[in-house]
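Asker: There's a structure below that I have some questions on.
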Amino acid sequence: MIRYQLLCEHNHEFEAWFRDSAAYDEQAHNGEVQCPFCGNDNVRKAVMAPAIATSRKEEVQNENQQVAIEAAEKAADDLRAGTDPHEAAQMFMDVVKNLQKHVEDTCDYVGTDFAEEARAIHYGEAEERGIYGEATPEQTEELRDEGIEVVSLPKLTDKDQNS
Ligand SMILES: [Zn+2]
C-alpha cells in the first residue's frame, strides 16, 4: 500500500491509500479519486515541504548540488515507473539524505519565510544564494509559476507514520 497526499483542483488537501503507484495513476485517470470536501476528481499529488531553491547562476557553479538534484529526480522517476517500491524508496531516501545534508551545508535556512525569501532573491532584492525552508504546495506552485527554481523534498520522518 502506498499513501499519497493529494490536492484537488480547488487546492483541498487530503490523503488516500492505493495498492501501488500504478493503481493511483489508473484510478486518478478514470476520475475515481475524488476530493472528500468538494467531490472534484481532478486530483494531483502534493509533495510536502521542506523545499529548496537555488538561483540558476549558483546552480551552474555548484555541480554537486545539481548532481544530487538530478539523482533525486531520477529516483523519483524510477519509483513512478514501477521499480520495486522498497528498492526505489531506499535509493530515493539515500539520495534525499545526501541532498539534505548537502543543502544544509551549503544553503541558508530561512524556515517558513521560504517563499518570501526565494522571491526576494529572484527579483534581486536579497543576496543571491541557495536557501532552504518550509513551503506549502500552493506556495511552491506559485514560485514555479513565477519562474523560480524550487525543488521539493519529502520529509524523511513521514515514512515512520502509520506503521
Ligand atoms: Zn476539493
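As shown in the C-alpha cells, the chain order sets the letters A, B, ...; within each chain, residues go from 1, and ligands are also counted from 1 in the order they appear.
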Could you report the residues within 6 Å of ligand 1, using only C-alpha atoms and all ligand atoms, as a list in words?

Answerer: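 Using only C-alpha atoms and all ligand atoms, everything at most 6 Å from ligand 1 comes to Cys8, His10, His12, Cys35, Phe37, Cys38 and Asn40 of chain A.
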
Asker: Please save all heavy atoms of the selected residues as a tab-separated table (two decimals), in the first residue's frame.

Answerer:
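See part23.tsv below for the written result:
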```
chain	number	residue	atom	x	y	z
A	8	CYS	N	-6.97	18.61	-4.75
A	8	CYS	CA	-7.96	18.71	-5.82
A	8	CYS	C	-7.75	20.03	-6.55
A	8	CYS	O	-6.86	20.80	-6.22
A	8	CYS	CB	-9.38	18.60	-5.26
A	8	CYS	SG	-10.01	20.14	-4.58
A	10	HIS	N	-9.34	22.63	-6.38
A	10	HIS	CA	-9.57	23.79	-5.51
A	10	HIS	C	-8.57	23.83	-4.36
A	10	HIS	O	-8.80	24.49	-3.35
A	10	HIS	CB	-11.00	23.76	-4.98
A	10	HIS	CG	-12.02	23.60	-6.06
A	10	HIS	ND1	-12.29	24.60	-6.97
A	10	HIS	CD2	-12.79	22.54	-6.43
A	10	HIS	CE1	-13.21	24.15	-7.84
A	10	HIS	NE2	-13.51	22.91	-7.54
A	12	HIS	N	-7.89	21.69	-2.11
A	12	HIS	CA	-8.19	20.98	-0.87
A	12	HIS	C	-7.16	19.86	-0.75
A	12	HIS	O	-6.92	19.14	-1.70
A	12	HIS	CB	-9.61	20.36	-0.90
A	12	HIS	CG	-10.70	21.38	-1.00
A	12	HIS	ND1	-11.72	21.27	-1.90
A	12	HIS	CD2	-10.88	22.55	-0.33
A	12	HIS	CE1	-12.52	22.33	-1.77
A	12	HIS	NE2	-12.04	23.12	-0.84
A	35	CYS	N	-12.11	14.35	-4.30
A	35	CYS	CA	-11.87	15.17	-3.12
A	35	CYS	C	-12.99	14.94	-2.11
A	35	CYS	O	-14.16	15.04	-2.46
A	35	CYS	CB	-11.81	16.64	-3.53
A	35	CYS	SG	-11.79	17.76	-2.14
A	37	PHE	N	-13.89	16.79	0.21
A	37	PHE	CA	-14.50	18.05	0.61
A	37	PHE	C	-15.49	18.57	-0.44
A	37	PHE	O	-16.53	19.10	-0.11
A	37	PHE	CB	-13.43	19.11	0.88
A	37	PHE	CG	-12.42	18.66	1.90
A	37	PHE	CD1	-11.16	18.24	1.51
A	37	PHE	CD2	-12.75	18.63	3.25
A	37	PHE	CE1	-10.23	17.82	2.46
A	37	PHE	CE2	-11.84	18.21	4.20
A	37	PHE	CZ	-10.57	17.80	3.81
A	38	CYS	N	-15.11	18.42	-1.73
A	38	CYS	CA	-15.98	19.01	-2.75
A	38	CYS	C	-16.31	18.05	-3.89
A	38	CYS	O	-17.06	18.40	-4.79
A	38	CYS	CB	-15.33	20.28	-3.32
A	38	CYS	SG	-13.86	19.95	-4.30
A	40	ASN	N	-14.51	16.99	-6.29
A	40	ASN	CA	-13.75	17.23	-7.52
A	40	ASN	C	-12.85	16.03	-7.80
A	40	ASN	O	-12.23	15.48	-6.89
A	40	ASN	CB	-12.92	18.51	-7.33
A	40	ASN	CG	-12.13	18.88	-8.58
A	40	ASN	OD1	-11.07	18.34	-8.80
A	40	ASN	ND2	-12.67	19.77	-9.37
```

Asker: Show which residues sit within 12 Å of Ala23 (chain A), as a list in words. Count only C-alpha atoms, and ignore same-chain residues fewer than 2 positions away.

Answerer: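 What passes the distance filter is Met1, Ile2, Arg3, Tyr4, Ala16, Trp17, Phe18, Arg19, Asp20, Ser21, Asp25, Glu26, Gln27, Ala28, His29, Asn30, Glu32, Val33, Arg80 and Gly82 of chain A.
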
Asker: Could you work out how far CA of Tyr132 (chain A) lies from CA of Asp77 (chain A), giving the answer in Å with one decimal?

Answerer: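 Spanning CA of Asp77 (chain A) to CA of Tyr132 (chain A) is a straight-line distance of 22.8 Å.
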